[in-house]
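Student: First the structure, which I've put down as structure tokens, then a few questions once you've had a look.
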There are 2 protein chains.
Amino acid sequence: MTLHRFFVESGAIAADRAVLRGDQARQIAGVLRLVPGDRVVLLDAGDEVELRLDRVTASEVSGAVVARRPAPAEPRLRLTLALPLLRGDRSEEVLEAVTQLGVSRIVPFTSERSVVRDLSLTKRERWERIARESAETARRGRVPQIAAPTTWSALFEQLETPVLVAWEEEREAQLVRAFARAVPALSLVIGPEGGIASGEIAAARARGARTVSLGARNLRSETAAISAVALVLALAGS
Amino acid sequence: MTLHRFFVESGAIAADRAVLRGDQARQIAGVLRLVPGDRVVLLDAGDEVELRLDRVTASEVSGAVVARRPAPAEPRLRLTLALPLLRGDRSEEVLEAVTQLGVSRIVPFTSERSVVRDLSLTKRERWERIARESAETARRGRVPQIAAPTTWSALFEQLETPVLVAWEEEREAQLVRAFARAVPALSLVIGPEGGIASGEIAAARARGARTVSLGARNLRSETAAISAVALVLALAGS
């Protein structure tokens with residue numbers, strides 16, 4: 001039987017005990033109707049912590065930690081995706097897919113040819129919820145971190161190296177051959193609907209980024225983002 | 001300068017002349033306001049045909065073929081995607097992405113755990129339009145063929161071999177290592193929201209299909225479809 005899974009804040013688990021409150025307590029007591037003796041899995045910073053409940057009320061649920069192990073579905077590679085703000089729900093579609101695929105961190109940005117230029121607080125909160133729910137669906141051990149929106153000029157100092165920029169004018173360097181399989185971290189940058197300006201490419205290269213091709217077809221930003229993340233994680237074997 | 005591109009029916013081009021009518025003539029004459037001497041690209045069964053216009057009216061446009069070459073962005077691999085009918089707009093999202101990525105043929109199907117069970121004529125026409133527009137965006141030389149919806153039991157006889165079925169319970173065979181890079185054709189089968197029943201897997205294996213894993217994370221059908229297509233085409237180098 002698959003145990004129910006809950007992401008917890010650091011601090012919810014102290015030594016061999018854990019306490020859940022708020023929505024999670026309400027869900028365990030009121031919706032799932034679990035009772036003392038039942039088990040749940042808490043996801044804590046990449047670990048799966050198995051908890052045997054000993055106290056269940058609608059306001060507080062607590063129990064004893066019976067096992068802790070690294071979440072087996074969590075990738076070894078730390079992959080950051082720098083994703084332009086896209087029109088309509090397209091950023092959310094990408095966020096959902098790349099969270100399932102295993103991205104560690106998402107950095108939203110705007111650049112010269114960006115059409116959408118800001119991320120409202122409501123949308124930001126929606127993104128956080130999508131990331132959490134998609135990480136649960138995918139049985140991951142972490143929710144990807146969503147950074148504050150930034151600009152192209154401030155983007156590169158926030159990205160772990162190596163940094164690969166998918167660019168439609170790059171013809172030679174294919175993404176599949178552009179990184180070492182055993183690399184511990186990698187950042188991918190995808191351009192907005194209107195593409196990346198050549199001055200922006202020059203600035204990225206000056207900061208050590210490399211341009212890569214995602215193939216001969218012209219991809220929309222969202223397809224490019226999902227494909228590139230899928231490819232990097234599959235090739236890294238994680 | 002990038003020339004305007006038009007998919008044409010076989011028969012529109014005869015020897016060294018081509019004639020366009022209907023919407024395409026209206027667009028060339030009325031919207032783009034091209035004149036005799038201008039050039040367009042016709043996409044004919046995987047070839048790019050460059051046409052120099054010599055007669056432009058709102059009802060008929062004709063010209064002389066000045067060059068014909070295989071469309072450079074068209075993949076060498078013939079990739080078929082067997083895609084379950086999905087809820088809401090999710091099938092359309094997949095169709096758009098996999099057309100950009102380079103799929104040759106899409107076979108919609110229903111199976112034991114399918115939630116959506118039919119494809120209306122309106123939706124079918126919408127799919128045709130999405131495939132055509134996405135192929136244009138991607139600068140492909142062909143529009144992927146969309147087959148009539150079928151069932152799991154009739155699916156496998158319609159698929160070119162080898163056939164790989166992405167299955168969440170497969171742990172060993174990873175998609176990245178499951179096919180020869182130089183294969184001329186390949187079919188990928190993705191399961192519906194509720195997964196593939198074990199009896200269905202047995203039936204697929206009896207027809208020579210192999211099950212593959214898309215990795216340790218649990219992916220929604222649409223993410224699985226886009227990722228698998230991206231991976232196969234990138235690894236096939238086409």
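In the structure tokens, the first chain shown is A, the next is B, and so on; residue numbers restart at 1 for each chain, and ligands run from 1 in the order shown.
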Mind the document's chain letters and residue numbers, and return as a PyMOL selection string the residues of region 120-210 of chain A that DSSP labels alpha helix (DSSP H).

Tutor: chain A and resi 121-137+152-155+198-206

Student: May I have the residues from that selection written out with N, CA and C atoms, as an mmCIF file, in the first residue's frame?

Tutor:
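selection_17.cif, freshly written:
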data_model
loop_
_atom_site.group_PDB
_atom_site.id
_atom_site.type_symbol
_atom_site.label_atom_id
_atom_site.label_comp_id
_atom_site.auth_asym_id
_atom_site.auth_seq_id
_atom_site.Cartn_x
_atom_site.Cartn_y
_atom_site.Cartn_z
ATOM 1 N N LEU A 121 1.709 38.803 -7.230
ATOM 2 C CA LEU A 121 1.802 38.019 -5.999
ATOM 3 C C LEU A 121 0.861 36.812 -6.064
ATOM 4 N N THR A 122 -0.354 37.025 -6.600
ATOM 5 C CA THR A 122 -1.308 35.923 -6.762
ATOM 6 C C THR A 122 -0.716 34.810 -7.614
ATOM 7 N N LYS A 123 -0.098 35.203 -8.722
ATOM 8 C CA LYS A 123 0.501 34.197 -9.617
ATOM 9 C C LYS A 123 1.666 33.494 -8.934
ATOM 10 N N ARG A 124 2.458 34.275 -8.217
ATOM 11 C CA ARG A 124 3.601 33.710 -7.510
ATOM 12 C C ARG A 124 3.141 32.634 -6.527
ATOM 13 N N GLU A 125 2.047 32.930 -5.805
ATOM 14 C CA GLU A 125 1.516 31.955 -4.843
ATOM 15 C C GLU A 125 0.976 30.720 -5.561
ATOM 16 N N ARG A 126 0.349 30.957 -6.732
ATOM 17 C CA ARG A 126 -0.143 29.857 -7.549
ATOM 18 C C ARG A 126 1.020 28.969 -8.004
ATOM 19 N N TRP A 127 2.120 29.596 -8.393
ATOM 20 C CA TRP A 127 3.309 28.834 -8.807
ATOM 21 C C TRP A 127 3.802 27.946 -7.660
ATOM 22 N N GLU A 128 3.824 28.526 -6.445
ATOM 23 C CA GLU A 128 4.293 27.748 -5.284
ATOM 24 C C GLU A 128 3.417 26.516 -5.082
ATOM 25 N N ARG A 129 2.102 26.706 -5.249
ATOM 26 C CA ARG A 129 1.175 25.592 -5.044
ATOM 27 C C ARG A 129 1.343 24.541 -6.143
ATOM 28 N N ILE A 130 1.497 25.004 -7.379
ATOM 29 C CA ILE A 130 1.700 24.052 -8.485
ATOM 30 C C ILE A 130 2.978 23.239 -8.265
ATOM 31 N N ALA A 131 4.036 23.914 -7.823
ATOM 32 C CA ALA A 131 5.307 23.215 -7.594
ATOM 33 C C ALA A 131 5.145 22.137 -6.519
ATOM 34 N N ARG A 132 4.451 22.485 -5.435
ATOM 35 C CA ARG A 132 4.254 21.534 -4.343
ATOM 36 C C ARG A 132 3.418 20.343 -4.811
ATOM 37 N N GLU A 133 2.303 20.632 -5.469
ATOM 38 C CA GLU A 133 1.413 19.550 -5.898
ATOM 39 C C GLU A 133 2.074 18.653 -6.947
ATOM 40 N N SER A 134 2.821 19.273 -7.851
ATOM 41 C CA SER A 134 3.485 18.463 -8.882
ATOM 42 C C SER A 134 4.585 17.605 -8.278
ATOM 43 N N ALA A 135 5.282 18.138 -7.271
ATOM 44 C CA ALA A 135 6.323 17.352 -6.598
ATOM 45 C C ALA A 135 5.699 16.162 -5.863
ATOM 46 N N GLU A 136 4.516 16.373 -5.278
ATOM 47 C CA GLU A 136 3.811 15.264 -4.628
ATOM 48 C C GLU A 136 3.404 14.200 -5.635
ATOM 49 N N THR A 137 2.771 14.631 -6.738
ATOM 50 C CA THR A 137 2.361 13.699 -7.808
ATOM 51 C C THR A 137 3.537 12.864 -8.293
ATOM 52 N N TRP A 152 17.701 39.634 -17.242
ATOM 53 C CA TRP A 152 18.818 38.953 -17.916
ATOM 54 C C TRP A 152 20.156 39.402 -17.336
ATOM 55 N N SER A 153 20.279 40.694 -17.067
ATOM 56 C CA SER A 153 21.595 41.187 -16.619
ATOM 57 C C SER A 153 21.950 40.689 -15.217
ATOM 58 N N ALA A 154 20.932 40.352 -14.416
ATOM 59 C CA ALA A 154 21.220 39.862 -13.059
ATOM 60 C C ALA A 154 21.115 38.342 -12.969
ATOM 61 N N LEU A 155 20.714 37.707 -14.076
ATOM 62 C CA LEU A 155 20.404 36.275 -14.035
ATOM 63 C C LEU A 155 21.621 35.396 -13.785
ATOM 64 N N SER A 198 21.059 39.239 -29.722
ATOM 65 C CA SER A 198 22.464 38.842 -29.837
ATOM 66 C C SER A 198 23.337 39.533 -28.787
ATOM 67 N N GLY A 199 22.971 40.739 -28.382
ATOM 68 C CA GLY A 199 23.700 41.403 -27.295
ATOM 69 C C GLY A 199 23.563 40.643 -25.981
ATOM 70 N N GLU A 200 22.412 40.040 -25.788
ATOM 71 C CA GLU A 200 22.203 39.242 -24.569
ATOM 72 C C GLU A 200 23.044 37.966 -24.597
ATOM 73 N N ILE A 201 23.164 37.380 -25.794
ATOM 74 C CA ILE A 201 24.009 36.186 -25.913
ATOM 75 C C ILE A 201 25.463 36.558 -25.592
ATOM 76 N N ALA A 202 25.898 37.680 -26.108
ATOM 77 C CA ALA A 202 27.271 38.117 -25.839
ATOM 78 C C ALA A 202 27.496 38.314 -24.338
ATOM 79 N N ALA A 203 26.520 38.931 -23.673
ATOM 80 C CA ALA A 203 26.641 39.151 -22.227
ATOM 81 C C ALA A 203 26.689 37.821 -21.470
ATOM 82 N N ALA A 204 25.863 36.860 -21.919
ATOM 83 C CA ALA A 204 25.846 35.548 -21.262
ATOM 84 C C ALA A 204 27.189 34.841 -21.441
ATOM 85 N N ARG A 205 27.731 34.923 -22.656
ATOM 86 C CA ARG A 205 29.026 34.271 -22.918
ATOM 87 C C ARG A 205 30.132 34.919 -22.103
ATOM 88 N N ALA A 206 30.048 36.227 -21.946
ATOM 89 C CA ALA A 206 31.064 36.928 -21.153
ATOM 90 C C ALA A 206 31.052 36.447 -19.705
#

Student: Would you write out, as a Markdown table, a table of all residues in chain B that have an atom no more than 9 Å from an atom of chain A, listing for each the closest atom pair and the distance in Å to one decimal, considering only C-alpha atoms and ordering rows by chain and rising residue number?

Tutor:
| residue | atom | partner | partner_atom | distance |
| --- | --- | --- | --- | --- |
| B:Pro72 | CA | A:Ala216 | CA | 7.5 |
| B:Ala73 | CA | A:Ala216 | CA | 4.9 |
| B:Glu74 | CA | A:Arg217 | CA | 7.6 |
| B:Pro75 | CA | A:Ala216 | CA | 8.3 |
| B:Glu96 | CA | A:Thr223 | CA | 8.7 |
| B:Ala97 | CA | A:Thr223 | CA | 5.6 |
| B:Val98 | CA | A:Thr223 | CA | 8.3 |
| B:Gln100 | CA | A:Leu219 | CA | 5.8 |
| B:Leu101 | CA | A:Arg217 | CA | 6.6 |
| B:Gly102 | CA | A:Arg217 | CA | 7.3 |
| B:Thr137 | CA | A:Asn218 | CA | 6.6 |
| B:Ala138 | CA | A:Asn218 | CA | 4.1 |
| B:Arg139 | CA | A:Arg217 | CA | 6.3 |
| B:Arg140 | CA | A:Arg217 | CA | 6.7 |
| B:Gln174 | CA | A:Ala234 | CA | 8.7 |
| B:Leu175 | CA | A:Ala234 | CA | 8.6 |
| B:Val176 | CA | A:Ala234 | CA | 7.0 |
| B:Leu214 | CA | A:Ala234 | CA | 7.8 |
| B:Gly215 | CA | A:Ala234 | CA | 7.1 |
| B:Ala216 | CA | A:Ala73 | CA | 4.9 |
| B:Arg217 | CA | A:Ala138 | CA | 5.0 |
| B:Asn218 | CA | A:Ala138 | CA | 4.1 |
| B:Leu219 | CA | A:Gln100 | CA | 5.8 |
| B:Arg220 | CA | A:Gln100 | CA | 7.8 |
| B:Glu222 | CA | A:Ala97 | CA | 8.3 |
| B:Thr223 | CA | A:Ala97 | CA | 5.5 |
| B:Ala224 | CA | A:Ala97 | CA | 8.8 |
| B:Ile226 | CA | A:Ser227 | CA | 6.9 |
| B:Ser227 | CA | A:Ala230 | CA | 5.4 |
| B:Ala228 | CA | A:Ala230 | CA | 8.1 |
| B:Val229 | CA | A:Ser227 | CA | 8.5 |
| B:Ala230 | CA | A:Ser227 | CA | 5.4 |
| B:Leu231 | CA | A:Leu231 | CA | 5.7 |
| B:Leu233 | CA | A:Gly215 | CA | 8.8 |
| B:Ala234 | CA | A:Val176 | CA | 7.0 |
| B:Leu235 | CA | A:Val176 | CA | 7.4 |
| B:Gly237 | CA | A:Gly215 | CA | 8.1 |
| B:Ser238 | CA | A:Gly215 | CA | 7.4 |

Student: For Leu79 (chain A), find every residue with an atom within 7 Å (counting only C-alpha atoms), except residues of its own chain fewer than 6 positions away, and show them as a PyMOL selection string.

Tutor: chain A and resi 103-105+185-187

Student: Can you list, as a PyMOL selection string, every protein, DNA or RNA residue that comes within 7 Å of Glu170 (chain B) when you count only C-alpha atoms, leaving out same-chain residues fewer than 3 positions away?

Tutor: chain B and resi 167+173+211-213

Student: Generate a file of the selected residues that holds C-alpha atoms, formatted as a PDB file, in the first residue's frame.

Tutor:
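File result.pdb, as written:
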ATOM      1  CA  TRP B 167       5.167   1.962 -18.214  1.00  0.00           C
ATOM      2  CA  ALA B 173      14.824  -0.781 -19.107  1.00  0.00           C
ATOM      3  CA  THR B 211       8.171  -1.737 -21.816  1.00  0.00           C
ATOM      4  CA  VAL B 212      10.494   1.131 -20.894  1.00  0.00           C
ATOM      5  CA  SER B 213      10.921   3.478 -17.942  1.00  0.00           C
TER       6      SER B 213
END

Student: Set the distance at 10 Å and use only C-alpha atoms: which residues neighbour Ile13 (chain A) once local chain neighbours fewer than 2 positions away are removed? I'd like the list as an MDAnalysis selection string.

Tutor: chainID A and resid 8:11 15:20 42 44 49 51 62:65

Student: Got a sec: who's within 9 Å of Gly191 (chain B), counting only C-alpha atoms, leaving out chain neighbours fewer than 4 positions off, as a PDB file with all heavy atoms, in the first residue's frame?

Tutor:
ATOM      1  N   ALA B  82       1.702   6.950 -29.986  1.00  0.00           N
ATOM      2  CA  ALA B  82       0.351   6.491 -29.643  1.00  0.00           C
ATOM      3  C   ALA B  82      -0.024   7.196 -28.349  1.00  0.00           C
ATOM      4  O   ALA B  82       0.606   7.001 -27.309  1.00  0.00           O
ATOM      5  CB  ALA B  82       0.325   4.976 -29.477  1.00  0.00           C
ATOM      6  N   LEU B  83      -1.021   8.070 -28.447  1.00  0.00           N
ATOM      7  CA  LEU B  83      -1.352   9.003 -27.364  1.00  0.00           C
ATOM      8  C   LEU B  83      -2.779   8.771 -26.879  1.00  0.00           C
ATOM      9  O   LEU B  83      -3.716   8.844 -27.670  1.00  0.00           O
ATOM     10  CB  LEU B  83      -1.224  10.434 -27.914  1.00  0.00           C
ATOM     11  CG  LEU B  83      -1.543  11.560 -26.942  1.00  0.00           C
ATOM     12  CD1 LEU B  83      -0.442  11.697 -25.897  1.00  0.00           C
ATOM     13  CD2 LEU B  83      -1.701  12.883 -27.695  1.00  0.00           C
ATOM     14  N   PRO B  84      -2.982   8.497 -25.594  1.00  0.00           N
ATOM     15  CA  PRO B  84      -4.348   8.330 -25.102  1.00  0.00           C
ATOM     16  C   PRO B  84      -5.118   9.641 -25.208  1.00  0.00           C
ATOM     17  O   PRO B  84      -4.524  10.717 -25.131  1.00  0.00           O
ATOM     18  CB  PRO B  84      -4.144   7.944 -23.633  1.00  0.00           C
ATOM     19  CG  PRO B  84      -2.798   8.465 -23.271  1.00  0.00           C
ATOM     20  CD  PRO B  84      -1.978   8.411 -24.521  1.00  0.00           C
ATOM     21  N   SER B 111      -8.043   3.086 -23.725  1.00  0.00           N
ATOM     22  CA  SER B 111      -7.723   1.776 -23.156  1.00  0.00           C
ATOM     23  C   SER B 111      -8.540   1.600 -21.881  1.00  0.00           C
ATOM     24  O   SER B 111      -9.382   2.449 -21.554  1.00  0.00           O
ATOM     25  CB  SER B 111      -6.217   1.665 -22.912  1.00  0.00           C
ATOM     26  OG  SER B 111      -5.798   2.671 -22.019  1.00  0.00           O
ATOM     27  N   ARG B 113      -8.311   1.977 -18.693  1.00  0.00           N
ATOM     28  CA  ARG B 113      -8.445   3.008 -17.659  1.00  0.00           C
ATOM     29  C   ARG B 113      -8.591   4.419 -18.238  1.00  0.00           C
ATOM     30  O   ARG B 113      -8.418   5.408 -17.517  1.00  0.00           O
ATOM     31  CB  ARG B 113      -7.241   2.968 -16.727  1.00  0.00           C
ATOM     32  CG  ARG B 113      -7.120   1.636 -16.006  1.00  0.00           C
ATOM     33  CD  ARG B 113      -5.969   1.684 -15.011  1.00  0.00           C
ATOM     34  NE  ARG B 113      -5.670   0.362 -14.480  1.00  0.00           N
ATOM     35  CZ  ARG B 113      -4.497  -0.005 -13.978  1.00  0.00           C
ATOM     36  NH1 ARG B 113      -3.506   0.866 -13.933  1.00  0.00           N
ATOM     37  NH2 ARG B 113      -4.307  -1.214 -13.508  1.00  0.00           N
ATOM     38  N   SER B 114      -8.874   4.537 -19.522  1.00  0.00           N
ATOM     39  CA  SER B 114      -9.049   5.866 -20.114  1.00  0.00           C
ATOM     40  C   SER B 114     -10.232   6.567 -19.472  1.00  0.00           C
ATOM     41  O   SER B 114     -11.265   5.945 -19.219  1.00  0.00           O
ATOM     42  CB  SER B 114      -9.331   5.752 -21.613  1.00  0.00           C
ATOM     43  OG  SER B 114      -8.167   5.394 -22.300  1.00  0.00           O
ATOM     44  N   VAL B 165       6.694   0.841 -24.967  1.00  0.00           N
ATOM     45  CA  VAL B 165       5.569   1.284 -24.146  1.00  0.00           C
ATOM     46  C   VAL B 165       6.123   1.861 -22.844  1.00  0.00           C
ATOM     47  O   VAL B 165       6.781   1.141 -22.085  1.00  0.00           O
ATOM     48  CB  VAL B 165       4.623   0.102 -23.823  1.00  0.00           C
ATOM     49  CG1 VAL B 165       3.449   0.569 -22.968  1.00  0.00           C
ATOM     50  CG2 VAL B 165       4.127  -0.554 -25.106  1.00  0.00           C
ATOM     51  N   ALA B 166       5.891   3.147 -22.596  1.00  0.00           N
ATOM     52  CA  ALA B 166       6.347   3.770 -21.349  1.00  0.00           C
ATOM     53  C   ALA B 166       5.423   3.285 -20.234  1.00  0.00           C
ATOM     54  O   ALA B 166       4.215   3.526 -20.280  1.00  0.00           O
ATOM     55  CB  ALA B 166       6.293   5.287 -21.472  1.00  0.00           C
ATOM     56  N   TRP B 167       5.991   2.594 -19.255  1.00  0.00           N
ATOM     57  CA  TRP B 167       5.167   1.962 -18.214  1.00  0.00           C
ATOM     58  C   TRP B 167       5.748   2.283 -16.847  1.00  0.00           C
ATOM     59  O   TRP B 167       6.931   2.065 -16.609  1.00  0.00           O
ATOM     60  CB  TRP B 167       5.118   0.446 -18.451  1.00  0.00           C
ATOM     61  CG  TRP B 167       4.093  -0.269 -17.614  1.00  0.00           C
ATOM     62  CD1 TRP B 167       2.851   0.167 -17.288  1.00  0.00           C
ATOM     63  CD2 TRP B 167       4.243  -1.557 -17.009  1.00  0.00           C
ATOM     64  NE1 TRP B 167       2.194  -0.787 -16.530  1.00  0.00           N
ATOM     65  CE2 TRP B 167       3.018  -1.843 -16.343  1.00  0.00           C
ATOM     66  CE3 TRP B 167       5.278  -2.511 -16.977  1.00  0.00           C
ATOM     67  CZ2 TRP B 167       2.812  -3.039 -15.634  1.00  0.00           C
ATOM     68  CZ3 TRP B 167       5.059  -3.694 -16.278  1.00  0.00           C
ATOM     69  CH2 TRP B 167       3.840  -3.952 -15.617  1.00  0.00           C
ATOM     70  N   GLU B 168       4.901   2.787 -15.949  1.00  0.00           N
ATOM     71  CA  GLU B 168       5.385   3.245 -14.646  1.00  0.00           C
ATOM     72  C   GLU B 168       5.939   2.108 -13.787  1.00  0.00           C
ATOM     73  O   GLU B 168       6.714   2.340 -12.875  1.00  0.00           O
ATOM     74  CB  GLU B 168       4.303   4.037 -13.902  1.00  0.00           C
ATOM     75  CG  GLU B 168       3.029   3.268 -13.561  1.00  0.00           C
ATOM     76  CD  GLU B 168       1.979   3.212 -14.695  1.00  0.00           C
ATOM     77  OE1 GLU B 168       2.356   3.387 -15.875  1.00  0.00           O
ATOM     78  OE2 GLU B 168       0.800   2.976 -14.409  1.00  0.00           O
ATOM     79  N   GLY B 195      -3.144   5.025 -15.938  1.00  0.00           N
ATOM     80  CA  GLY B 195      -2.122   4.010 -16.134  1.00  0.00           C
ATOM     81  C   GLY B 195      -2.574   2.886 -17.058  1.00  0.00           C
ATOM     82  O   GLY B 195      -3.696   2.891 -17.558  1.00  0.00           O
ATOM     83  N   ILE B 196      -1.665   1.955 -17.279  1.00  0.00           N
ATOM     84  CA  ILE B 196      -1.922   0.827 -18.182  1.00  0.00           C
ATOM     85  C   ILE B 196      -2.132  -0.409 -17.311  1.00  0.00           C
ATOM     86  O   ILE B 196      -1.361  -0.664 -16.391  1.00  0.00           O
ATOM     87  CB  ILE B 196      -0.714   0.615 -19.128  1.00  0.00           C
ATOM     88  CG1 ILE B 196      -0.398   1.916 -19.887  1.00  0.00           C
ATOM     89  CG2 ILE B 196      -0.975  -0.516 -20.097  1.00  0.00           C
ATOM     90  CD1 ILE B 196       0.924   1.873 -20.657  1.00  0.00           C
ATOM     91  N   SER B 221       0.614  11.946 -17.956  1.00  0.00           N
ATOM     92  CA  SER B 221       0.668  11.453 -19.347  1.00  0.00           C
ATOM     93  C   SER B 221       1.254  12.476 -20.304  1.00  0.00           C
ATOM     94  O   SER B 221       2.055  12.143 -21.179  1.00  0.00           O
ATOM     95  CB  SER B 221      -0.733  11.069 -19.833  1.00  0.00           C
ATOM     96  OG  SER B 221      -1.234  10.014 -19.067  1.00  0.00           O
ATOM     97  N   ALA B 224       4.972  12.877 -19.844  1.00  0.00           N
ATOM     98  CA  ALA B 224       5.620  11.652 -20.327  1.00  0.00           C
ATOM     99  C   ALA B 224       5.719  11.671 -21.854  1.00  0.00           C
ATOM    100  O   ALA B 224       6.770  11.366 -22.427  1.00  0.00           O
ATOM    101  CB  ALA B 224       4.840  10.425 -19.861  1.00  0.00           C
ATOM    102  N   ALA B 225       4.636  12.055 -22.523  1.00  0.00           N
ATOM    103  CA  ALA B 225       4.621  12.045 -23.988  1.00  0.00           C
ATOM    104  C   ALA B 225       5.641  13.022 -24.559  1.00  0.00           C
ATOM    105  O   ALA B 225       6.450  12.677 -25.432  1.00  0.00           O
ATOM    106  CB  ALA B 225       3.220  12.384 -24.506  1.00  0.00           C
TER     107      ALA B 225
END
